[in-house]
>>> print(open('data.cif').read())   # mmCIF, C-alpha atoms and all ligand atoms
data_model
loop_
_atom_site.group_PDB
_atom_site.id
_atom_site.type_symbol
_atom_site.label_atom_id
_atom_site.label_comp_id
_atom_site.auth_asym_id
_atom_site.auth_seq_id
_atom_site.Cartn_x
_atom_site.Cartn_y
_atom_site.Cartn_z
ATOM 1 C CA MET D 1 14.209 16.757 12.681
ATOM 2 C CA PRO D 2 17.079 14.509 13.816
ATOM 3 C CA ARG D 3 16.456 10.778 13.676
ATOM 4 C CA PHE D 4 16.105 10.510 17.438
ATOM 5 C CA GLY D 5 13.528 13.304 17.653
ATOM 6 C CA GLY D 6 9.788 13.450 17.165
ATOM 7 C CA ILE D 7 7.113 10.804 17.683
ATOM 8 C CA ALA D 8 8.393 7.358 16.702
ATOM 9 C CA THR D 9 6.362 5.909 13.852
ATOM 10 C CA PHE D 10 7.721 3.049 11.748
ATOM 11 C CA MET D 11 10.645 4.504 9.757
ATOM 12 C CA ARG D 12 9.464 8.030 10.686
ATOM 13 C CA LEU D 13 6.463 7.733 8.375
ATOM 14 C CA PRO D 14 3.862 10.494 8.797
ATOM 15 C CA GLY D 15 1.404 8.277 10.693
ATOM 16 C CA ARG D 16 -1.547 10.352 9.570
ATOM 17 C CA SER D 17 -2.918 8.501 6.539
ATOM 18 C CA ALA D 18 -6.365 6.976 6.146
ATOM 19 C CA ALA D 19 -6.279 3.376 4.937
ATOM 20 C CA THR D 20 -8.301 4.442 1.908
ATOM 21 C CA ASP D 21 -5.268 6.405 0.682
ATOM 22 C CA LEU D 22 -2.680 3.630 1.070
ATOM 23 C CA ASP D 23 -1.194 0.749 -0.868
ATOM 24 C CA VAL D 24 0.541 -0.600 2.245
ATOM 25 C CA ALA D 25 -0.452 -0.202 5.905
ATOM 26 C CA VAL D 26 2.071 -0.886 8.667
ATOM 27 C CA VAL D 27 0.141 -2.061 11.754
ATOM 28 C CA GLY D 28 1.198 -2.810 15.323
ATOM 29 C CA VAL D 29 -0.495 -5.659 17.191
ATOM 30 C CA PRO D 30 0.721 -5.378 20.796
ATOM 31 C CA ILE D 31 -0.262 -8.539 22.605
ATOM 32 C CA ASP D 32 1.635 -11.293 24.412
ATOM 33 C CA ILE D 33 -0.912 -13.249 26.474
ATOM 34 C CA GLY D 34 -0.624 -16.078 23.948
ATOM 35 C CA THR D 35 2.996 -16.752 24.953
ATOM 36 C CA SER D 36 3.990 -19.946 26.760
ATOM 37 C CA ASN D 37 7.305 -18.879 28.318
ATOM 38 C CA ARG D 38 8.746 -15.369 28.578
ATOM 39 C CA PRO D 39 6.202 -12.576 27.913
ATOM 40 C CA GLY D 40 7.094 -9.128 26.584
ATOM 41 C CA ALA D 41 6.105 -9.131 22.893
ATOM 42 C CA ARG D 42 3.379 -6.619 23.749
ATOM 43 C CA PHE D 43 6.225 -4.084 23.655
ATOM 44 C CA GLY D 44 7.356 -5.276 20.214
ATOM 45 C CA PRO D 45 5.656 -2.597 18.088
ATOM 46 C CA ARG D 46 6.970 0.255 20.249
ATOM 47 C CA GLY D 47 10.455 -1.209 20.306
ATOM 48 C CA ILE D 48 10.518 -1.779 16.566
ATOM 49 C CA ARG D 49 9.233 1.723 15.837
ATOM 50 C CA SER D 50 11.911 3.178 18.097
ATOM 51 C CA GLU D 51 14.792 1.295 16.435
ATOM 52 C CA SER D 52 13.369 1.810 12.939
ATOM 53 C CA VAL D 53 14.195 5.531 12.974
ATOM 54 C CA LEU D 54 17.698 4.609 11.818
ATOM 55 C CA ILE D 55 16.531 2.980 8.587
ATOM 56 C CA ARG D 56 16.898 4.943 5.363
ATOM 57 C CA PRO D 57 14.458 4.663 2.459
ATOM 58 C CA TYR D 58 16.616 2.999 -0.235
ATOM 59 C CA ASN D 59 17.809 -0.599 -0.264
ATOM 60 C CA MET D 60 21.460 -0.468 -1.316
ATOM 61 C CA ALA D 61 21.618 -4.200 -2.092
ATOM 62 C CA THR D 62 18.472 -4.689 -4.172
ATOM 63 C CA ARG D 63 17.992 -1.040 -5.258
ATOM 64 C CA ALA D 64 14.388 -1.295 -4.153
ATOM 65 C CA ALA D 65 12.644 2.012 -3.510
ATOM 66 C CA PRO D 66 9.379 1.068 -1.802
ATOM 67 C CA PHE D 67 8.377 4.624 -0.905
ATOM 68 C CA ASP D 68 8.866 5.800 -4.499
ATOM 69 C CA SER D 69 6.567 3.056 -5.770
ATOM 70 C CA LEU D 70 3.850 2.647 -3.148
ATOM 71 C CA ARG D 71 1.883 4.789 -0.715
ATOM 72 C CA ILE D 72 2.962 3.428 2.668
ATOM 73 C CA ASP D 73 2.173 4.633 6.174
ATOM 74 C CA ASP D 74 2.123 3.466 9.787
ATOM 75 C CA ILE D 75 -1.551 3.414 10.798
ATOM 76 C CA GLY D 76 -0.902 2.633 14.461
ATOM 77 C CA ASP D 77 -1.943 -0.282 16.643
ATOM 78 C CA VAL D 78 -4.885 -2.621 17.001
ATOM 79 C CA ALA D 79 -6.629 -1.959 20.339
ATOM 80 C CA THR D 80 -6.099 -5.389 21.864
ATOM 81 C CA ASN D 81 -7.398 -6.763 25.174
ATOM 82 C CA PRO D 82 -4.560 -7.623 27.591
ATOM 83 C CA TYR D 83 -6.851 -9.714 29.830
ATOM 84 C CA ASN D 84 -8.726 -11.914 27.357
ATOM 85 C CA LEU D 85 -6.995 -13.647 24.465
ATOM 86 C CA ALA D 86 -10.196 -14.762 22.726
ATOM 87 C CA ASP D 87 -11.486 -11.201 22.748
ATOM 88 C CA ALA D 88 -8.110 -9.917 21.573
ATOM 89 C CA VAL D 89 -8.201 -12.348 18.649
ATOM 90 C CA ALA D 90 -11.736 -11.209 17.775
ATOM 91 C CA ARG D 91 -10.641 -7.571 17.903
ATOM 92 C CA ILE D 92 -7.637 -8.259 15.658
ATOM 93 C CA GLU D 93 -9.791 -10.145 13.161
ATOM 94 C CA ALA D 94 -12.368 -7.325 13.038
ATOM 95 C CA PHE D 95 -9.596 -4.732 12.595
ATOM 96 C CA TYR D 96 -8.127 -6.582 9.596
ATOM 97 C CA ASP D 97 -11.540 -7.290 8.072
ATOM 98 C CA ASP D 98 -12.172 -3.560 8.179
ATOM 99 C CA LEU D 99 -8.692 -2.657 6.900
ATOM 100 C CA LEU D 100 -8.961 -5.103 4.004
ATOM 101 C CA GLN D 101 -12.105 -3.400 2.764
ATOM 102 C CA ASN D 102 -9.427 -1.279 1.102
ATOM 103 C CA ASP D 103 -7.060 -2.555 -1.582
ATOM 104 C CA VAL D 104 -4.162 -2.523 0.853
ATOM 105 C CA ILE D 105 -1.317 -4.819 1.885
ATOM 106 C CA ALA D 106 -0.942 -5.139 5.670
ATOM 107 C CA VAL D 107 2.551 -5.375 7.139
ATOM 108 C CA SER D 108 2.140 -6.280 10.801
ATOM 109 C CA MET D 109 4.396 -5.939 13.837
ATOM 110 C CA GLY D 110 3.711 -8.344 16.704
ATOM 111 C CA GLY D 111 2.929 -9.176 19.282
ATOM 112 C CA ASP D 112 3.196 -12.902 19.828
ATOM 113 C CA HIS D 113 2.499 -15.416 17.060
ATOM 114 C CA THR D 114 -1.163 -15.809 18.015
ATOM 115 C CA ILE D 115 -1.835 -12.738 15.874
ATOM 116 C CA ALA D 116 -1.149 -14.653 12.657
ATOM 117 C CA LEU D 117 -4.419 -16.586 12.998
ATOM 118 C CA PRO D 118 -6.914 -13.691 13.014
ATOM 119 C CA ILE D 119 -4.856 -11.874 10.357
ATOM 120 C CA MET D 120 -4.841 -14.936 8.083
ATOM 121 C CA ARG D 121 -8.593 -15.410 8.610
ATOM 122 C CA ALA D 122 -9.189 -11.900 7.265
ATOM 123 C CA MET D 123 -6.680 -12.436 4.441
ATOM 124 C CA ARG D 124 -8.371 -15.727 3.489
ATOM 125 C CA ARG D 125 -11.751 -14.010 3.239
ATOM 126 C CA LYS D 126 -10.323 -11.402 0.880
ATOM 127 C CA HIS D 127 -7.883 -13.447 -1.194
ATOM 128 C CA GLY D 128 -8.860 -17.136 -0.928
ATOM 129 C CA PRO D 129 -6.599 -19.946 0.360
ATOM 130 C CA LEU D 130 -3.142 -18.644 1.139
ATOM 131 C CA GLY D 131 0.325 -19.872 0.332
ATOM 132 C CA LEU D 132 2.539 -19.389 3.368
ATOM 133 C CA ILE D 133 6.219 -18.747 3.979
ATOM 134 C CA HIS D 134 6.678 -19.296 7.703
ATOM 135 C CA VAL D 135 10.092 -18.668 9.283
ATOM 136 C CA ASP D 136 10.351 -19.873 12.870
ATOM 137 C CA ALA D 137 12.265 -22.100 15.280
ATOM 138 C CA HIS D 138 8.914 -23.795 15.904
ATOM 139 C CA THR D 139 6.210 -25.180 13.613
ATOM 140 C CA ASP D 140 3.436 -23.689 15.803
ATOM 141 C CA ILE D 141 1.080 -26.536 14.930
ATOM 142 C CA ASN D 142 0.245 -27.710 18.454
ATOM 143 C CA ASP D 143 -3.315 -28.948 18.825
ATOM 144 C CA HIS D 144 -3.698 -27.355 22.260
ATOM 145 C CA MET D 145 -1.568 -25.579 24.872
ATOM 146 C CA PHE D 146 -2.802 -26.087 28.443
ATOM 147 C CA GLY D 147 -6.087 -27.152 26.887
ATOM 148 C CA GLU D 148 -6.415 -23.930 24.921
ATOM 149 C CA PRO D 149 -6.961 -24.094 21.142
ATOM 150 C CA ILE D 150 -5.742 -20.520 20.638
ATOM 151 C CA ALA D 151 -2.160 -19.709 21.730
ATOM 152 C CA HIS D 152 1.107 -18.681 20.113
ATOM 153 C CA GLY D 153 2.018 -22.313 19.428
ATOM 154 C CA THR D 154 -1.199 -23.237 17.590
ATOM 155 C CA PRO D 155 -1.937 -20.712 14.796
ATOM 156 C CA PHE D 156 -0.899 -22.858 11.847
ATOM 157 C CA ARG D 157 -2.795 -25.926 13.137
ATOM 158 C CA ARG D 158 -5.961 -23.839 13.338
ATOM 159 C CA ALA D 159 -5.208 -22.224 9.973
ATOM 160 C CA ALA D 160 -4.923 -25.644 8.324
ATOM 161 C CA GLU D 161 -8.132 -26.898 9.966
ATOM 162 C CA GLU D 162 -10.060 -23.778 8.975
ATOM 163 C CA GLY D 163 -9.024 -24.025 5.330
ATOM 164 C CA LEU D 164 -7.034 -20.797 5.404
ATOM 165 C CA LEU D 165 -4.013 -22.390 3.722
ATOM 166 C CA ASP D 166 -3.311 -23.987 0.352
ATOM 167 C CA ALA D 167 -1.288 -26.776 1.984
ATOM 168 C CA ARG D 168 0.860 -27.568 -1.065
ATOM 169 C CA ARG D 169 1.982 -23.929 -1.087
ATOM 170 C CA VAL D 170 3.194 -23.840 2.516
ATOM 171 C CA VAL D 171 6.833 -23.907 3.635
ATOM 172 C CA GLN D 172 8.197 -23.720 7.181
ATOM 173 C CA ILE D 173 11.874 -22.710 7.431
ATOM 174 C CA GLY D 174 14.315 -22.822 10.348
ATOM 175 C CA VAL D 175 12.525 -25.217 12.702
ATOM 176 C CA ARG D 176 14.727 -26.924 15.252
ATOM 177 C CA GLY D 177 15.433 -27.614 18.892
ATOM 178 C CA THR D 178 13.783 -30.011 21.285
ATOM 179 C CA GLY D 179 10.240 -31.362 21.060
ATOM 180 C CA TYR D 180 7.719 -33.462 22.942
ATOM 181 C CA ALA D 181 8.019 -36.382 20.519
ATOM 182 C CA ALA D 182 10.564 -37.313 17.860
ATOM 183 C CA ASP D 183 7.971 -36.956 15.086
ATOM 184 C CA ASP D 184 6.737 -33.488 16.098
ATOM 185 C CA PHE D 185 7.525 -31.960 12.696
ATOM 186 C CA ASP D 186 5.796 -34.744 10.771
ATOM 187 C CA TRP D 187 2.275 -33.384 11.343
ATOM 188 C CA SER D 188 3.204 -30.487 9.055
ATOM 189 C CA ARG D 189 4.664 -32.850 6.469
ATOM 190 C CA GLY D 190 1.483 -34.925 6.660
ATOM 191 C CA GLN D 191 -0.494 -31.830 5.666
ATOM 192 C CA GLY D 192 1.676 -31.428 2.576
ATOM 193 C CA PHE D 193 3.765 -28.574 3.959
ATOM 194 C CA ARG D 194 7.459 -28.431 3.092
ATOM 195 C CA VAL D 195 9.453 -28.359 6.337
ATOM 196 C CA VAL D 196 13.034 -27.089 6.130
ATOM 197 C CA GLN D 197 14.784 -27.810 9.396
ATOM 198 C CA ALA D 198 17.508 -25.433 10.535
ATOM 199 C CA GLU D 199 20.168 -28.086 10.049
ATOM 200 C CA GLU D 200 19.446 -28.028 6.303
ATOM 201 C CA CYS D 201 20.244 -24.293 6.365
ATOM 202 C CA TRP D 202 23.498 -24.346 8.302
ATOM 203 C CA ASN D 203 26.598 -22.979 6.606
ATOM 204 C CA ARG D 204 25.023 -22.280 3.262
ATOM 205 C CA SER D 205 23.300 -19.629 1.207
ATOM 206 C CA LEU D 206 19.509 -19.909 1.174
ATOM 207 C CA ALA D 207 19.208 -18.358 -2.293
ATOM 208 C CA PRO D 208 18.907 -21.831 -3.939
ATOM 209 C CA LEU D 209 16.248 -22.838 -1.392
ATOM 210 C CA MET D 210 14.252 -19.710 -2.147
ATOM 211 C CA ALA D 211 14.315 -20.470 -5.883
ATOM 212 C CA GLU D 212 12.577 -23.754 -5.010
ATOM 213 C CA VAL D 213 10.208 -21.989 -2.607
ATOM 214 C CA ARG D 214 9.138 -19.534 -5.316
ATOM 215 C CA GLU D 215 8.288 -22.490 -7.540
ATOM 216 C CA GLN D 216 6.344 -24.138 -4.726
ATOM 217 C CA VAL D 217 4.338 -21.195 -3.395
ATOM 218 C CA GLY D 218 3.904 -19.111 -6.567
ATOM 219 C CA GLY D 219 0.710 -18.951 -8.575
ATOM 220 C CA GLY D 220 -1.522 -17.537 -5.845
ATOM 221 C CA PRO D 221 -1.675 -15.220 -2.859
ATOM 222 C CA VAL D 222 1.158 -15.640 -0.363
ATOM 223 C CA TYR D 223 1.335 -14.652 3.295
ATOM 224 C CA MET D 224 4.717 -14.342 4.999
ATOM 225 C CA SER D 225 4.955 -14.894 8.752
ATOM 226 C CA PHE D 226 8.359 -14.297 10.289
ATOM 227 C CA ASP D 227 8.918 -15.279 13.936
ATOM 228 C CA ILE D 228 12.102 -13.519 15.059
ATOM 229 C CA ASP D 229 13.113 -16.686 16.961
ATOM 230 C CA GLY D 230 13.807 -18.260 13.565
ATOM 231 C CA LEU D 231 17.079 -16.389 13.914
ATOM 232 C CA ASP D 232 19.775 -17.642 16.231
ATOM 233 C CA PRO D 233 19.756 -16.063 19.718
ATOM 234 C CA ALA D 234 23.200 -14.669 18.860
ATOM 235 C CA TYR D 235 21.406 -12.320 16.433
ATOM 236 C CA ALA D 236 18.014 -12.069 18.112
ATOM 237 C CA PRO D 237 18.060 -12.790 21.848
ATOM 238 C CA GLY D 238 15.065 -10.562 22.561
ATOM 239 C CA THR D 239 12.298 -13.110 22.234
ATOM 240 C CA GLY D 240 10.222 -15.388 24.436
ATOM 241 C CA THR D 241 11.276 -18.890 23.361
ATOM 242 C CA PRO D 242 14.838 -18.761 21.988
ATOM 243 C CA GLU D 243 16.419 -21.866 20.419
ATOM 244 C CA ILE D 244 20.088 -22.350 19.613
ATOM 245 C CA GLY D 245 21.364 -23.296 16.149
ATOM 246 C CA GLY D 246 19.204 -20.844 14.236
ATOM 247 C CA LEU D 247 19.382 -18.805 11.063
ATOM 248 C CA THR D 248 21.829 -15.953 10.539
ATOM 249 C CA THR D 249 20.895 -12.386 9.683
ATOM 250 C CA PRO D 250 22.214 -12.747 6.094
ATOM 251 C CA GLN D 251 20.079 -15.889 5.697
ATOM 252 C CA ALA D 252 17.015 -13.949 6.891
ATOM 253 C CA LEU D 253 17.761 -11.342 4.223
ATOM 254 C CA GLU D 254 18.107 -14.081 1.592
ATOM 255 C CA ILE D 255 14.723 -15.517 2.576
ATOM 256 C CA ILE D 256 12.886 -12.204 2.380
ATOM 257 C CA ARG D 257 14.683 -10.996 -0.764
ATOM 258 C CA GLY D 258 13.881 -14.401 -2.264
ATOM 259 C CA CYS D 259 10.168 -13.588 -1.988
ATOM 260 C CA ARG D 260 10.417 -10.935 -4.680
ATOM 261 C CA GLY D 261 8.079 -11.753 -7.562
ATOM 262 C CA LEU D 262 5.529 -13.553 -5.419
ATOM 263 C CA ASP D 263 2.010 -12.215 -4.899
ATOM 264 C CA VAL D 264 2.632 -11.264 -1.267
ATOM 265 C CA VAL D 265 -0.725 -10.115 0.125
ATOM 266 C CA GLY D 266 0.453 -9.569 3.696
ATOM 267 C CA CYS D 267 3.250 -10.273 6.117
ATOM 268 C CA ASP D 268 4.140 -10.111 9.776
ATOM 269 C CA LEU D 269 7.179 -10.005 12.037
ATOM 270 C CA VAL D 270 6.353 -11.396 15.482
ATOM 271 C CA GLU D 271 7.685 -12.376 18.904
ATOM 272 C CA VAL D 272 10.065 -9.464 19.477
ATOM 273 C CA ALA D 273 10.315 -8.952 23.260
ATOM 274 C CA PRO D 274 12.430 -5.842 23.931
ATOM 275 C CA VAL D 275 12.867 -6.618 27.638
ATOM 276 C CA TYR D 276 15.300 -9.416 26.718
ATOM 277 C CA ASP D 277 17.057 -7.205 24.212
ATOM 278 C CA PRO D 278 19.249 -4.847 26.233
ATOM 279 C CA THR D 279 21.357 -3.704 23.260
ATOM 280 C CA GLY D 280 18.420 -3.207 20.909
ATOM 281 C CA ALA D 281 19.967 -5.669 18.432
ATOM 282 C CA THR D 282 16.797 -7.767 18.109
ATOM 283 C CA THR D 283 14.477 -4.825 17.560
ATOM 284 C CA LEU D 284 16.915 -3.246 15.088
ATOM 285 C CA CYS D 285 17.027 -6.541 13.204
ATOM 286 C CA ALA D 286 13.227 -6.797 13.232
ATOM 287 C CA ALA D 287 12.829 -3.242 11.945
ATOM 288 C CA ASN D 288 15.232 -3.952 9.087
ATOM 289 C CA LEU D 289 13.502 -7.220 8.196
ATOM 290 C CA LEU D 290 10.186 -5.352 8.013
ATOM 291 C CA PHE D 291 11.817 -2.822 5.669
ATOM 292 C CA GLU D 292 13.095 -5.727 3.544
ATOM 293 C CA MET D 293 9.504 -7.036 3.399
ATOM 294 C CA LEU D 294 8.329 -3.654 2.094
ATOM 295 C CA CYS D 295 11.047 -3.928 -0.574
ATOM 296 C CA VAL D 296 9.662 -7.164 -2.076
ATOM 297 C CA LEU D 297 5.970 -6.253 -2.190
ATOM 298 C CA PRO D 298 4.244 -6.351 -5.571
ATOM 299 C CA GLY D 299 4.614 -3.025 -7.347
ATOM 300 C CA VAL D 300 7.928 -2.018 -5.809
ATOM 301 C CA VAL D 301 10.318 -0.846 -8.511
ATOM 302 C CA CYS D 302 14.047 -1.533 -8.239
ATOM 303 C CA SER D 303 16.018 1.279 -9.836
ATOM 304 C CA ASP D 304 18.420 -0.869 -11.859
HETATM 305 MN MN MN D 401 6.118 -18.782 16.196
HETATM 306 MN MN MN D 402 9.006 -19.536 17.493
#
>>> encode(input="data.cif", output="structure tokens")
Amino acid sequence: MPRFGGIATFMRLPGRSAATDLDVAVVGVPIDIGTSNRPGARFGPRGIRSESVLIRPYNMATRAAPFDSLRIDDIGDVATNPYNLADAVARIEAFYDDLLQNDVIAVSMGGDHTIALPIMRAMRRKHGPLGLIHVDAHTDINDHMFGEPIAHGTPFRRAAEEGLLDARRVVQIGVRGTGYAADDFDWSRGQGFRVVQAEECWNRSLAPLMAEVREQVGGGPVYMSFDIDGLDPAYAPGTGTPEIGGLTTPQALEIIRGCRGLDVVGCDLVEVAPVYDPTGATTLCAANLLFEMLCVLPGVVCSD
């Protein structure tokens, strides 16, 4: 079958496996009613699956061979509720609780960033307090948005309050732009999170940063949450709340490759909105970053 033929699963995986037979489950979470500006991330999983057909199974840079080492399949989407965010969050949480009855790592495609909260709740129940590597233009630690405690700008505030995170093992990378107050990023620092603003990343390799991050977040379960708007809009325009001055694609690769060796128990790639992505560059980038995540999961052998 040519790459452009057939039913589009992530990376043309069979899409027929039961979770009981997998080491890694790729899951779509199509929802965007948690967004505050441009919607469209509900089409993220379909867009990513479509662009992912180009990706080949071997990583030529790291020599990782995830499909030789682990049983991986695309198990489809969570049945979300496009009219009721609270119900959608409950459905996502129940889906992951059920999935994590198996000894499986979930790799999730958003959807807006709201999805990280119910996923992390399920991960916390299975693994205990989580270390977190959060890449984003925004810290997503708002207390409320329009009076609502659950939205795409609040998941890490709720996660901290609910004890989902091991605060000393949390790092937020790439945050930038304009805020509502000059000390907006200091709430995270007050929790004990490390906050790496985008300006600290400009014009340099992030490999040294990631060596420090591995020291900080190692020694326990780690969740990785990657908001595509962490990248500069030059690389990833197809998202709801773009911010200039962001990370480059090579820096995104350095961040994910720098997670190798950590006990990554789950990860997500969120906020891809294909309607603002006429060339497909954002979705192609997202699909490749998800492949790079597969390449650093525990148990993946690099053939060197
Ligand atoms: Mn976000
Ligand atoms: Mn963001």
>>> residues_near_ligand(input="data.cif", ligand="ligand MN 401 (chain D)", cutoff="9 Å", atoms="all atoms listed in the file", output="list in words")
Asp112, His113, Thr114, His134, Val135, Asp136, Ala137, His138, Thr139, Asp140, His152, Gly153, Thr154, Pro155, Ser225, Phe226, Asp227, Ile228, Asp229, Gly230, Thr241, Val270 and Glu271 of chain D
>>> residues_near_point(input="data.cif", point="(17.4, -0.8, -2.6)", cutoff="12 Å", atoms="all atoms listed in the file", output="JSON, numbers by chain")
{"D": [55, 56, 57, 58, 59, 60, 61, 62, 63, 64, 65, 66, 67, 68, 69, 257, 291, 292, 293, 294, 295, 296, 300, 301, 302, 303, 304]}
>>> closest_residue(input="data.cif", among="D:Gln191, D:Thr239, D:Thr178, D:Thr279", to="ligand MN 402 (chain D)", atoms="all atoms listed in the file")
D:Thr239
>>> residues_around(input="data.cif", residues="segment 2-14 of chain D", least_positions_apart="3", cutoff="9 Å", atoms="only C-alpha atoms", output="PDB file with C-alpha atoms, in the frame of the given file")
ATOM      1  CA  SER D  17      -2.918   8.501   6.539  1.00  0.00           C
ATOM      2  CA  VAL D  26       2.071  -0.886   8.667  1.00  0.00           C
ATOM      3  CA  PRO D  45       5.656  -2.597  18.088  1.00  0.00           C
ATOM      4  CA  ARG D  46       6.970   0.255  20.249  1.00  0.00           C
ATOM      5  CA  ILE D  48      10.518  -1.779  16.566  1.00  0.00           C
ATOM      6  CA  ARG D  49       9.233   1.723  15.837  1.00  0.00           C
ATOM      7  CA  SER D  50      11.911   3.178  18.097  1.00  0.00           C
ATOM      8  CA  GLU D  51      14.792   1.295  16.435  1.00  0.00           C
ATOM      9  CA  SER D  52      13.369   1.810  12.939  1.00  0.00           C
ATOM     10  CA  VAL D  53      14.195   5.531  12.974  1.00  0.00           C
ATOM     11  CA  LEU D  54      17.698   4.609  11.818  1.00  0.00           C
ATOM     12  CA  ILE D  55      16.531   2.980   8.587  1.00  0.00           C
ATOM     13  CA  ARG D  56      16.898   4.943   5.363  1.00  0.00           C
ATOM     14  CA  PRO D  57      14.458   4.663   2.459  1.00  0.00           C
ATOM     15  CA  ILE D  72       2.962   3.428   2.668  1.00  0.00           C
ATOM     16  CA  ASP D  73       2.173   4.633   6.174  1.00  0.00           C
ATOM     17  CA  ASP D  74       2.123   3.466   9.787  1.00  0.00           C
ATOM     18  CA  ILE D  75      -1.551   3.414  10.798  1.00  0.00           C
ATOM     19  CA  GLY D  76      -0.902   2.633  14.461  1.00  0.00           C
ATOM     20  CA  ALA D 287      12.829  -3.242  11.945  1.00  0.00           C
ATOM     21  CA  PHE D 291      11.817  -2.822   5.669  1.00  0.00           C
TER      22      PHE D 291
END
>>> resolve_selection(input="data.cif", expression="the PyMOL selection byres (((chain D and resi 123) around 8) and not hetatm)", output="VMD selection string")
chain D and resid 96 to 97 100 119 to 122 124 to 128 130 265 to 266
>>> atom_distance(input="data.cif", atom1="atom CA of Ala236 of chain D", atom2="atom CA of Gly280 of chain D")
9.3 Å
>>> closest_residue(input="data.cif", among="D:Ala25, D:Leu269, D:Val171, D:Leu85", to="ligand MN 402 (chain D)", atoms="only C-alpha atoms and all ligand atoms")
D:Leu269
>>> closest_residue(input="data.cif", among="D:Ile105, D:Ala160, D:Thr249, D:Glu148", to="Pro221 of chain D", atoms="all atoms listed in the file")
D:Ile105
>>> residues_around(input="data.cif", residues="Ala41 of chain D", least_positions_apart="2", cutoff="9 Å", atoms="all atoms listed in the file", output="list in words")
Pro30, Ile31, Asp32, Ile33, Thr35, Arg38, Pro39, Phe43, Gly44, Pro45, Gly110, Gly111, Asp112, Thr239, Gly240, Val270, Glu271, Val272, Ala273, Pro274 and Val275 of chain D
>>> atom_distance(input="data.cif", atom1="atom CA of Ala167 of chain D", atom2="atom CA of Arg189 of chain D")
9.6 Å
>>> residues_around(input="data.cif", residues="Arg214 of chain D", least_positions_apart="2", cutoff="8 Å", atoms="all atoms listed in the file", output="ChimeraX atom specification")
/D:210-212,216-218,258-259,262
>>> closest_residue(input="data.cif", among="D:Arg176, D:Arg260, D:Arg204, D:Arg194", to="ligand MN 402 (chain D)", atoms="only C-alpha atoms and all ligand atoms")
D:Arg176
>>> residues_around(input="data.cif", residues="Leu206 of chain D", least_positions_apart="6", cutoff="8 Å", atoms="only C-alpha atoms", output="list in words")
Gln251, Glu254 and Ile255 of chain D
>>> atom_distance(input="data.cif", atom1="atom CA of Pro129 of chain D", atom2="atom CA of Arg157 of chain D")
14.6 Å
